[in-house]
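Visitor: Sharing structure18.txt, compact mmCIF, C-alpha atoms and all ligand atoms:
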```txt
# COMPACT_ATOMS: atom_id res chain seq x y z
CA MET K 6 57.70 13.03 24.15
CA LYS K 7 58.31 9.59 22.72
CA GLU K 8 56.70 6.39 23.90
CA THR K 9 57.24 4.55 27.18
CA ILE K 10 59.43 1.46 26.99
CA LEU K 11 59.55 -1.35 29.56
CA VAL K 12 63.16 -2.50 30.02
CA THR K 13 63.26 -5.84 31.80
CA GLY K 14 66.61 -6.55 33.44
CA GLY K 15 67.25 -2.83 33.23
CA THR K 16 69.63 -2.63 36.21
CA GLY K 17 71.82 -5.27 34.56
CA PHE K 18 74.90 -4.74 32.39
CA ILE K 19 73.31 -4.28 28.95
CA GLY K 20 69.91 -3.11 30.22
CA SER K 21 71.36 -0.17 32.15
CA HIS K 22 73.38 1.02 29.16
CA THR K 23 70.31 0.64 26.93
CA THR K 24 68.17 2.64 29.38
CA VAL K 25 70.68 5.52 29.06
CA GLU K 26 70.49 5.46 25.27
CA LEU K 27 66.68 5.19 25.26
CA GLN K 28 66.45 8.25 27.51
CA ASN K 29 68.98 10.09 25.35
CA ALA K 30 66.69 9.37 22.39
CA GLY K 31 63.68 10.83 24.25
CA TYR K 32 61.93 7.64 25.38
CA GLU K 33 60.37 7.27 28.83
CA VAL K 34 61.69 4.13 30.56
CA VAL K 35 60.22 1.79 33.16
CA ILE K 36 62.73 -0.72 34.53
CA VAL K 37 61.61 -4.05 35.94
CA ASP K 38 64.26 -6.12 37.67
CA ASN K 39 64.30 -8.62 40.57
CA LEU K 40 67.89 -7.63 41.46
CA SER K 41 68.99 -11.28 41.30
CA ASN K 42 72.16 -10.21 39.45
CA SER K 43 72.35 -6.44 39.89
CA GLN K 44 71.90 -3.66 42.44
CA ALA K 45 69.23 -0.93 42.62
CA ASP K 46 71.88 1.83 42.90
CA VAL K 47 72.54 1.37 39.17
CA ILE K 48 69.47 3.62 38.82
CA ASP K 49 71.45 6.42 40.52
CA GLY K 50 74.21 6.01 37.93
CA ILE K 51 71.70 6.21 35.08
CA GLU K 52 70.17 9.36 36.55
CA LYS K 53 73.62 10.97 36.96
CA ILE K 54 74.36 10.30 33.28
CA THR K 55 71.06 11.43 31.73
CA GLY K 56 69.55 13.70 34.39
CA LYS K 57 66.37 11.58 34.20
CA ARG K 58 65.51 8.89 36.76
CA PRO K 59 63.76 5.94 35.13
CA ALA K 60 60.80 4.42 36.96
CA PHE K 61 61.85 1.22 38.72
CA GLU K 62 59.76 -1.75 39.88
CA LYS K 63 61.40 -4.61 41.79
CA VAL K 64 59.44 -7.47 40.30
CA ASP K 65 60.21 -11.08 39.38
CA LEU K 66 58.91 -11.71 35.87
CA ARG K 67 58.17 -15.33 36.79
CA ASP K 68 55.33 -13.91 38.90
CA TYR K 69 52.51 -13.35 36.41
CA ASP K 70 50.31 -11.25 38.72
CA ALA K 71 53.18 -9.01 39.83
CA THR K 72 54.19 -8.53 36.21
CA GLU K 73 50.60 -7.71 35.18
CA ALA K 74 50.45 -5.11 37.95
CA VAL K 75 53.32 -3.26 36.23
CA PHE K 76 51.30 -2.97 32.99
CA ARG K 77 48.31 -1.71 34.97
CA LYS K 78 50.43 0.85 36.78
CA TYR K 79 52.10 2.09 33.55
CA PRO K 80 49.35 1.94 30.89
CA ASP K 81 51.53 3.94 28.43
CA ILE K 82 54.03 1.10 27.93
CA SER K 83 54.20 0.68 24.12
CA GLY K 84 57.24 -1.54 23.78
CA ILE K 85 59.40 -3.96 25.73
CA ILE K 86 63.11 -4.68 25.60
CA HIS K 87 63.52 -8.03 27.32
CA PHE K 88 66.99 -8.43 28.86
CA ALA K 89 65.97 -10.22 32.07
CA ALA K 90 67.41 -13.73 32.17
CA SER K 91 69.97 -15.91 33.90
CA LYS K 92 73.03 -15.97 31.63
CA ALA K 93 75.88 -18.02 33.10
CA VAL K 94 76.60 -20.91 30.73
CA GLY K 95 78.40 -23.05 33.33
CA GLU K 96 75.74 -22.50 36.00
CA SER K 97 73.05 -23.50 33.51
CA VAL K 98 74.66 -26.93 33.17
CA GLN K 99 74.52 -27.36 36.97
CA LYS K 100 70.99 -25.91 37.39
CA PRO K 101 69.06 -26.49 34.13
CA LEU K 102 65.57 -26.29 35.67
CA MET K 103 66.32 -22.89 37.21
CA TYR K 104 67.38 -21.65 33.77
CA TYR K 105 64.37 -23.11 31.96
CA ARG K 106 61.95 -21.71 34.52
CA ASN K 107 63.55 -18.28 34.68
CA ASN K 108 64.36 -17.66 31.05
CA ILE K 109 61.30 -19.24 29.50
CA LEU K 110 58.50 -18.46 31.97
CA SER K 111 59.50 -14.78 32.11
CA LEU K 112 59.14 -14.45 28.33
CA VAL K 113 55.87 -16.43 28.23
CA ASN K 114 54.35 -14.10 30.86
CA LEU K 115 55.34 -11.02 28.88
CA LEU K 116 54.02 -12.39 25.57
CA GLU K 117 50.71 -13.26 27.22
CA LEU K 118 50.30 -9.78 28.72
CA MET K 119 51.34 -7.72 25.67
CA PRO K 120 48.09 -7.94 23.64
CA LYS K 121 46.04 -7.41 26.82
CA TYR K 122 47.76 -4.06 27.43
CA ASN K 123 48.22 -2.98 23.80
CA VAL K 124 51.98 -3.31 23.84
CA LYS K 125 53.12 -3.01 20.23
CA GLY K 126 56.40 -4.87 20.16
CA ILE K 127 59.14 -6.70 21.99
CA ILE K 128 62.88 -6.80 21.40
CA PHE K 129 64.41 -10.06 22.59
CA SER K 130 68.03 -10.48 23.80
CA SER K 131 69.35 -13.46 21.97
CA SER K 132 72.93 -14.57 21.51
CA CYS K 133 75.37 -15.76 18.87
CA THR K 134 75.52 -18.84 21.06
CA VAL K 135 72.55 -20.14 19.03
CA TYR K 136 74.95 -20.71 16.11
CA GLY K 137 77.34 -22.97 18.02
CA GLN K 138 80.56 -23.39 16.01
CA PRO K 139 79.52 -22.11 12.57
CA ASP K 140 80.75 -24.07 9.52
CA VAL K 141 81.11 -20.84 7.52
CA LEU K 142 82.35 -17.47 8.85
CA PRO K 143 81.31 -14.73 9.19
CA VAL K 144 77.98 -16.08 10.41
CA THR K 145 74.81 -14.60 8.92
CA GLU K 146 71.24 -14.59 10.26
CA GLU K 147 70.52 -17.42 7.81
CA SER K 148 73.34 -19.59 9.17
CA PRO K 149 72.11 -22.88 10.62
CA ILE K 150 71.12 -22.99 14.28
CA LYS K 151 73.12 -25.78 15.88
CA LYS K 152 72.23 -27.98 18.83
CA ALA K 153 72.74 -25.83 21.93
CA GLU K 154 75.90 -26.56 23.91
CA SER K 155 74.24 -25.62 27.23
CA PRO K 156 70.79 -25.25 28.80
CA TYR K 157 71.42 -21.49 28.71
CA GLY K 158 71.97 -21.52 24.96
CA ASN K 159 68.94 -23.78 24.61
CA THR K 160 66.73 -21.25 26.40
CA LYS K 161 67.72 -18.67 23.78
CA GLN K 162 66.84 -21.02 20.93
CA ILE K 163 63.56 -22.05 22.58
CA ASN K 164 62.63 -18.41 23.29
CA GLU K 165 63.19 -17.46 19.65
CA GLU K 166 60.83 -20.25 18.63
CA ILE K 167 58.25 -19.23 21.25
CA ILE K 168 58.21 -15.71 19.80
CA GLN K 169 57.84 -17.03 16.25
CA ASP K 170 55.06 -19.46 17.20
CA THR K 171 53.17 -16.84 19.26
CA ILE K 172 53.14 -14.36 16.40
CA LYS K 173 52.33 -17.07 13.84
CA SER K 174 49.30 -17.97 15.99
CA GLY K 175 47.91 -14.48 15.37
CA SER K 176 49.21 -12.43 18.29
CA PRO K 177 49.07 -8.81 17.08
CA ILE K 178 52.56 -7.95 18.33
CA LYS K 179 55.82 -7.35 16.47
CA SER K 180 59.24 -8.64 17.50
CA ILE K 181 62.86 -7.98 16.71
CA ILE K 182 65.36 -10.59 17.85
CA LEU K 183 68.90 -9.33 18.38
CA ARG K 184 71.67 -11.93 18.44
CA TYR K 185 74.55 -10.34 20.34
CA PHE K 186 78.15 -11.44 20.03
CA ASN K 187 80.44 -10.52 22.96
CA PRO K 188 79.44 -7.25 24.67
CA ILE K 189 82.34 -5.57 26.51
CA GLY K 190 83.33 -2.23 28.02
CA SER K 191 81.45 0.31 30.14
CA HIS K 192 79.85 3.71 29.82
CA PRO K 193 82.51 6.42 29.17
CA THR K 194 81.50 8.20 32.39
CA ALA K 195 82.38 5.05 34.41
CA LEU K 196 79.12 5.62 36.31
CA ILE K 197 77.69 2.29 35.10
CA GLY K 198 79.42 -0.85 33.85
CA GLU K 199 79.68 -4.61 34.15
CA MET K 200 79.40 -5.91 37.74
CA PRO K 201 79.91 -9.68 37.68
CA ASN K 202 79.09 -11.51 40.90
CA GLY K 203 82.01 -13.45 42.38
CA VAL K 204 84.83 -14.74 40.17
CA PRO K 205 84.19 -13.47 36.62
CA GLN K 206 83.61 -16.13 33.98
CA ASN K 207 83.89 -13.70 31.05
CA LEU K 208 87.24 -12.55 29.68
CA ILE K 209 87.10 -8.77 30.10
CA PRO K 210 86.12 -8.52 33.77
CA TYR K 211 88.72 -11.18 34.63
CA LEU K 212 91.32 -9.31 32.57
CA THR K 213 90.71 -5.92 34.22
CA GLN K 214 90.58 -7.50 37.69
CA THR K 215 93.97 -9.10 36.95
CA ALA K 216 95.34 -5.77 35.70
CA ILE K 217 94.29 -4.01 38.93
CA GLY K 218 95.61 -6.83 41.14
CA ILE K 219 92.39 -8.42 42.38
CA ARG K 220 93.30 -11.60 40.44
CA GLU K 221 96.83 -12.97 40.38
CA GLN K 222 97.05 -13.93 36.72
CA LEU K 223 94.82 -14.30 33.67
CA SER K 224 94.67 -17.81 32.23
CA VAL K 225 94.38 -17.88 28.46
CA PHE K 226 92.34 -20.97 27.68
CA GLY K 227 94.38 -22.54 24.89
CA ASP K 228 96.68 -21.43 22.10
CA ASP K 229 96.44 -24.58 20.00
CA TYR K 230 93.29 -23.71 18.05
CA ASN K 231 93.21 -23.47 14.27
CA THR K 232 93.54 -19.65 14.34
CA PRO K 233 96.43 -17.36 13.34
CA ASP K 234 97.88 -17.10 16.86
CA GLY K 235 96.24 -20.26 18.24
CA SER K 236 93.86 -18.50 20.64
CA CYS K 237 90.06 -18.35 20.22
CA ILE K 238 88.44 -15.65 18.13
CA ARG K 239 85.30 -13.68 19.07
CA ASP K 240 83.41 -10.59 17.89
CA TYR K 241 83.77 -8.12 20.79
CA ILE K 242 81.20 -5.34 20.61
CA TYR K 243 81.15 -2.16 22.73
CA VAL K 244 78.15 -2.29 25.08
CA VAL K 245 77.21 1.32 24.25
CA ASP K 246 77.14 0.52 20.52
CA LEU K 247 75.02 -2.53 21.39
CA ALA K 248 72.67 -0.33 23.44
CA LYS K 249 72.24 2.02 20.48
CA ALA K 250 71.25 -0.94 18.29
CA HIS K 251 68.29 -1.50 20.66
CA VAL K 252 67.17 2.12 20.25
CA SER K 253 67.31 1.75 16.46
CA ALA K 254 65.36 -1.51 16.63
CA MET K 255 62.73 -0.12 19.03
CA THR K 256 62.26 2.96 16.86
CA ARG K 257 61.84 0.70 13.82
CA ILE K 258 58.94 -1.01 15.63
CA MET K 259 57.43 2.23 17.01
CA GLU K 260 57.49 3.84 13.55
CA ASP K 261 55.93 0.72 11.92
CA LYS K 262 58.94 0.22 9.67
CA THR K 263 59.33 -3.52 10.24
CA GLU K 264 58.94 -5.59 7.06
CA GLU K 265 58.17 -8.87 8.82
CA SER K 266 56.37 -9.61 12.09
CA VAL K 267 59.61 -11.11 13.43
CA GLU K 268 62.96 -9.70 12.30
CA ILE K 269 66.33 -11.15 13.33
CA TYR K 270 69.65 -9.27 13.38
CA ASN K 271 73.24 -10.11 14.23
CA ILE K 272 74.60 -7.37 16.46
CA GLY K 273 78.39 -7.34 16.41
CA THR K 274 81.27 -5.50 14.79
CA GLY K 275 81.67 -7.94 11.90
CA ARG K 276 85.32 -8.42 12.92
CA GLY K 277 87.01 -11.30 14.78
CA THR K 278 89.62 -10.68 17.50
CA SER K 279 91.69 -13.37 19.20
CA VAL K 280 92.26 -13.50 22.95
CA LEU K 281 95.97 -12.71 22.49
CA GLU K 282 95.17 -9.82 20.13
CA LEU K 283 92.75 -8.46 22.71
CA ILE K 284 95.34 -8.67 25.50
CA ASN K 285 97.78 -6.79 23.29
CA ALA K 286 95.15 -4.17 22.46
CA PHE K 287 94.47 -3.69 26.18
CA GLU K 288 98.17 -3.20 26.98
CA GLN K 289 98.61 -0.77 24.06
CA SER K 290 95.52 1.23 25.00
CA THR K 291 96.06 1.47 28.77
CA GLY K 292 99.85 1.14 29.11
CA VAL K 293 99.18 -1.57 31.71
CA LYS K 294 101.20 -4.79 31.38
CA LEU K 295 99.05 -7.86 31.89
CA ASN K 296 100.17 -10.95 33.80
CA TYR K 297 98.82 -13.95 31.89
CA LYS K 298 99.70 -17.52 31.06
CA ILE K 299 98.56 -20.01 28.44
CA VAL K 300 96.73 -22.99 29.95
CA GLY K 301 94.59 -25.81 28.55
CA ARG K 302 91.40 -25.28 26.62
CA ARG K 303 88.14 -24.52 28.51
CA ALA K 304 85.47 -27.20 27.98
CA GLY K 305 82.67 -25.98 25.74
CA ASP K 306 84.60 -23.15 24.12
CA ILE K 307 84.07 -22.80 20.41
CA GLU K 308 87.10 -22.00 18.31
CA LYS K 309 86.03 -18.95 16.38
CA VAL K 310 82.90 -16.92 15.68
CA TRP K 311 82.22 -13.47 14.32
CA GLY K 312 79.19 -12.00 12.66
CA ASN K 313 78.15 -10.70 9.29
CA VAL K 314 76.30 -7.55 10.39
CA ASP K 315 75.37 -6.12 6.97
CA LYS K 316 71.65 -6.60 7.63
CA ALA K 317 71.70 -4.52 10.85
CA ASN K 318 73.89 -1.91 9.18
CA GLU K 319 71.42 -1.56 6.34
CA LYS K 320 67.97 -2.13 7.89
CA LEU K 321 68.60 -0.58 11.31
CA GLY K 322 70.90 2.13 9.99
CA TRP K 323 73.21 1.13 12.82
CA ARG K 324 76.92 0.28 12.99
CA ALA K 325 79.31 -0.64 15.83
CA ASP K 326 82.12 1.83 15.19
CA THR K 327 84.01 2.29 18.46
CA PRO K 328 87.66 1.20 18.07
CA LEU K 329 88.62 -1.80 20.25
CA GLY K 330 91.36 0.14 22.07
CA ASP K 331 88.86 2.82 23.10
CA VAL K 332 86.41 0.15 24.29
CA LEU K 333 89.06 -1.54 26.43
CA ALA K 334 90.01 1.86 27.88
CA THR K 335 86.39 2.20 29.15
CA ALA K 336 86.62 -1.22 30.79
CA TRP K 337 89.84 -0.20 32.54
CA LYS K 338 88.37 3.21 33.59
CA TRP K 339 85.40 1.35 35.11
CA GLN K 340 87.70 -1.03 37.04
CA LEU K 341 89.62 1.98 38.42
CA ALA K 342 86.36 3.68 39.38
CA LEU K 343 85.22 0.58 41.31
CA ARG K 344 88.52 0.66 43.21
CA GLU K 345 88.14 4.39 43.91
CA ARG K 346 84.64 3.80 45.33
CA ASN K 347 85.90 0.84 47.40
CA ILE K 348 83.41 -1.40 45.64
CA MET K 349 86.00 -3.86 44.35
P1 LIG C 1 72.80 -9.19 33.59
O1 LIG C 1 72.75 -10.40 34.47
O2 LIG C 1 73.72 -8.10 33.89
O3 LIG C 1 71.33 -8.56 33.48
C1 LIG C 1 70.18 -9.36 33.54
C2 LIG C 1 69.24 -8.70 34.56
O4 LIG C 1 68.03 -9.43 34.62
C3 LIG C 1 69.83 -8.67 35.98
O5 LIG C 1 69.78 -7.36 36.47
C4 LIG C 1 68.92 -9.60 36.78
O6 LIG C 1 68.75 -9.15 38.11
C5 LIG C 1 67.61 -9.52 35.99
N1 LIG C 1 66.75 -10.70 36.08
C6 LIG C 1 67.09 -12.00 35.90
N2 LIG C 1 66.01 -12.79 36.06
C7 LIG C 1 64.95 -11.96 36.32
C8 LIG C 1 63.56 -12.17 36.59
N3 LIG C 1 63.04 -13.40 36.64
N4 LIG C 1 62.78 -11.09 36.82
C9 LIG C 1 63.30 -9.83 36.80
N5 LIG C 1 64.61 -9.57 36.56
C10 LIG C 1 65.41 -10.63 36.32
O7 LIG C 1 73.04 -9.74 32.10
P2 LIG C 1 73.42 -8.95 30.76
O8 LIG C 1 74.84 -9.30 30.44
O9 LIG C 1 73.00 -7.54 30.85
O10 LIG C 1 72.50 -9.72 29.68
C11 LIG C 1 71.24 -9.20 29.37
C12 LIG C 1 70.62 -10.13 28.35
O11 LIG C 1 71.48 -10.26 27.21
C13 LIG C 1 70.40 -11.56 28.86
O12 LIG C 1 69.18 -12.04 28.32
C14 LIG C 1 71.56 -12.34 28.27
O13 LIG C 1 71.23 -13.70 28.07
C15 LIG C 1 71.74 -11.63 26.95
N6 LIG C 1 73.10 -11.75 26.41
C16 LIG C 1 74.17 -11.37 27.17
C17 LIG C 1 75.47 -11.50 26.64
C18 LIG C 1 76.68 -11.11 27.46
O14 LIG C 1 77.79 -11.55 27.13
N7 LIG C 1 76.52 -10.32 28.51
C19 LIG C 1 75.65 -11.99 25.34
C20 LIG C 1 74.54 -12.37 24.61
C21 LIG C 1 73.25 -12.23 25.14
C1 LIG C 2 85.78 -15.18 25.51
C2 LIG C 2 87.10 -15.83 25.12
C3 LIG C 2 87.59 -17.87 26.27
C4 LIG C 2 88.01 -16.09 30.23
C5 LIG C 2 80.07 -16.21 26.76
C6 LIG C 2 78.83 -17.05 26.65
C7 LIG C 2 77.91 -16.46 25.61
C8 LIG C 2 77.67 -15.00 25.92
C9 LIG C 2 78.98 -14.25 26.02
C10 LIG C 2 75.58 -14.84 27.10
C11 LIG C 2 86.99 -17.33 24.98
C12 LIG C 2 88.60 -16.78 26.61
C13 LIG C 2 87.79 -16.26 28.88
C14 LIG C 2 89.30 -16.31 30.76
C15 LIG C 2 90.10 -16.84 28.57
N1 LIG C 2 76.93 -14.83 27.12
N2 LIG C 2 88.82 -16.62 28.07
N3 LIG C 2 90.31 -16.68 29.91
O1 LIG C 2 82.62 -17.82 26.11
O2 LIG C 2 82.73 -16.26 24.09
O3 LIG C 2 80.71 -16.25 25.53
O4 LIG C 2 79.75 -14.87 27.06
O5 LIG C 2 74.89 -14.92 26.14
O6 LIG C 2 76.72 -17.18 25.62
O7 LIG C 2 79.21 -18.34 26.21
O8 LIG C 2 82.83 -15.30 26.39
O9 LIG C 2 84.28 -13.90 27.81
O10 LIG C 2 83.77 -16.29 28.58
O11 LIG C 2 85.29 -15.90 26.64
O12 LIG C 2 91.02 -17.20 27.82
O13 LIG C 2 89.54 -16.18 32.00
O14 LIG C 2 88.05 -15.58 26.15
O15 LIG C 2 88.25 -19.11 26.07
O16 LIG C 2 87.82 -17.73 23.91
P1 LIG C 2 82.30 -16.51 25.48
P2 LIG C 2 84.03 -15.32 27.47
```
Would you give me this structure, written as structure tokens?
Ligand code: NAD
Ligand code: WQD
Guide:
Amino acid sequence: MKETILVTGGTGFIGSHTTVELQNAGYEVVIVDNLSNSQADVIDGIEKITGKRPAFEKVDLRDYDATEAVFRKYPDISGIIHFAASKAVGESVQKPLMYYRNNILSLVNLLELMPKYNVKGIIFSSSCTVYGQPDVLPVTEESPIKKAESPYGNTKQINEEIIQDTIKSGSPIKSIILRYFNPIGSHPTALIGEMPNGVPQNLIPYLTQTAIGIREQLSVFGDDYNTPDGSCIRDYIYVVDLAKAHVSAMTRIMEDKTEESVEIYNIGTGRGTSVLELINAFEQSTGVKLNYKIVGRRAGDIEKVWGNVDKANEKLGWRADTPLGDVLATAWKWQLALRERNIM
């Protein structure tokens, strides 16, 4: 039996998919989540997929004592994958203090408890948002970090520095920082997937909700950018491929293969796709015609970003290889499943 991994935010979108892949790789999983942006029945979906029910503790990581109680209850925890955070860029502009308290205090509590309970390493969920609008594309891990465009993005930059400073101060832990690009899609079983609260801010949930008729029309935010078809370009990565990157990274820590006390990796496909190309790929893959219109640009949007992922390919032995059409088909299958279950 492999080690026990604490997955914070494990009933969330990426955390639930990562729990599945950790279990598939033989790890025991303990999920901690305060259910502020997810539901506990996600655990049922995970169990249906893997046949193993992860342990679950409803705990708010801002509560130091409640978080410490988890480490006392599960003394075998050897590693942490830290997904728990608030992640809505727009909301972070309206409620900066909520974002700073939630995203920073949660990490500080975990870092303080790790040496006390002999936890070997932590994988941190960072974001390509730390790069802002890169001057050179594709963006590498050595690309300059730009001034954050939102309090949310700033919490990611600050958290990366907190990890570096903590380890530099002599903390005996290891860390791998994963900078994700745009995770999309859902598990092929359609038993777990992305469940945005309210009106989706991200492209894919809004797109599939338009395709199924929940939303009237998809607005494409601008086609006057300096890109081949004028719409913004992103690096859309399948959430299951992203989940597998976490297993590779955690195994690298567990097997003492890290070469530095903090390693940083871009986790994307290495390819850029425009909004209009993505819409076309969705229609081709599902046969569903999408009702959309071009509108003005969305404030804060960067024009184009995609990653150089050679380092993750080489050091983690990991690659995102699911074709975009197949990924979009999983997103559509998930939307249909939600309709079937009268959830949405
Ligand atoms: P999500 O909201 O689906 O999952 C986050 C989970 O954390 C939720 O289940 C929420 O209930 C929980 N949570 C939040 N605050 C908590 C707290 N104080 N204590 C305990 N649980 C708490 O988000 P996601 O899309 O799965 O993102 C996971 C991580 O990846 C986040 O750190 C996010 O910033 C990062 N990330 C996401 C994206 C993306 O596009 N989804 C891109 C880059 C990075
Ligand atoms: C993608 C593209 C929009 C909706 C955000 C966060 C980032 C990370 C991932 C957490 C853009 C266009 C979107 C719509 C559209 N989250 N779009 N119509 O903005 O790249 O990244 O999520 O870490 O931090 O900023 O993702 O899905 O919102 O937008 O035209 O209704 O789709 O303009 O070009 P984004 P997104």
Visitor: For a quick check of understanding, using all atoms listed in the file, which of K:Thr72, K:Asn231, K:Asn202, K:Thr194 has the smallest distance to Leu341 of chain K?
Guide: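 Checking each of K:Thr72, K:Asn231, K:Asn202, K:Thr194 against Leu341 of chain K, counting all atoms listed in the file, the winner is K:Thr194.
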Visitor: Can I get the residues close to ligand LIG 1 (chain C) as a ChimeraX atom specification, where close means within 6 Å and we count all atoms listed in the file?
Guide: /K:14,16-20,38-43,64-67,88-92,107,111,130-132,185-188
Visitor: Between K:Glu345, K:Asp49, K:Glu308, K:Glu265, which one has atoms that come closest to ligand LIG 2 (chain C), using all atoms listed in the file?
Guide: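 Looking only at the distances to ligand LIG 2 (chain C), the closest residue turns out to be K:Glu308.
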Visitor: Residues contacting ligand LIG 2 (chain C) - anything with an atom at most 8 Å away, using only C-alpha atoms and all ligand atoms - can you give me those as a VMD selection string?
Guide: chain K and resid 92 to 94 131 to 134 157 to 158 185 to 188 205 to 209 211 to 212 223 to 227 236 to 239 279 to 280 302 to 303 306 to 309
Visitor: Determine the nearest neighbour of Ala195 of chain K from the options K:Val34, K:Ala334, K:Met103, K:Ile284, counting only C-alpha atoms.
Guide: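 Distance minimum relative to Ala195 of chain K lands on K:Ala334.
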Visitor: Within 12 Å of (67.0, -9.9, 13.8) (file coordinates; all atoms listed in the file), which protein or nucleic acid residues are there? I'd like them as a ChimeraX atom specification.
Guide: /K:127-133,145-147,165,169,179-185,250-251,253-255,257,263-273,314-318,320-321
Visitor: Fewer than 6 positions away in the same chain doesn't count, so skip those; otherwise give me all residues within 12 Å of Gln214 of chain K, counting all atoms listed in the file, as a VMD selection string.
Guide: chain K and resid 199 to 201 203 to 208 220 to 223 295 to 297 336 to 341 343 to 344 349
Visitor: Looking at K:Gln99, K:Asn123, K:Asn159, K:Gln28, which one is nearest to Gly137 of chain K, with distances taken over all atoms listed in the file?
Guide: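 Residue with the minimum atom-to-atom distance to Gly137 of chain K: K:Asn159.
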Visitor: From the options K:Asp68, K:Gly322, K:Ser155, K:Asn114, which residue's atoms come nearest to Thr256 of chain K, counting all atoms listed in the file?
Guide: K:Gly322
Visitor: So, counting only C-alpha atoms, which residue among K:Pro120, K:Pro210, K:Glu282, K:Val300 is closest to Pro233 of chain K?
Guide: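 Looking at the shortest contact to Pro233 of chain K, the residue is K:Glu282.
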Visitor: Atom CA of Thr24 of chain K and atom CA of Thr55 of chain K are how many Å apart?
Guide: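 The value is 9.5 Å.
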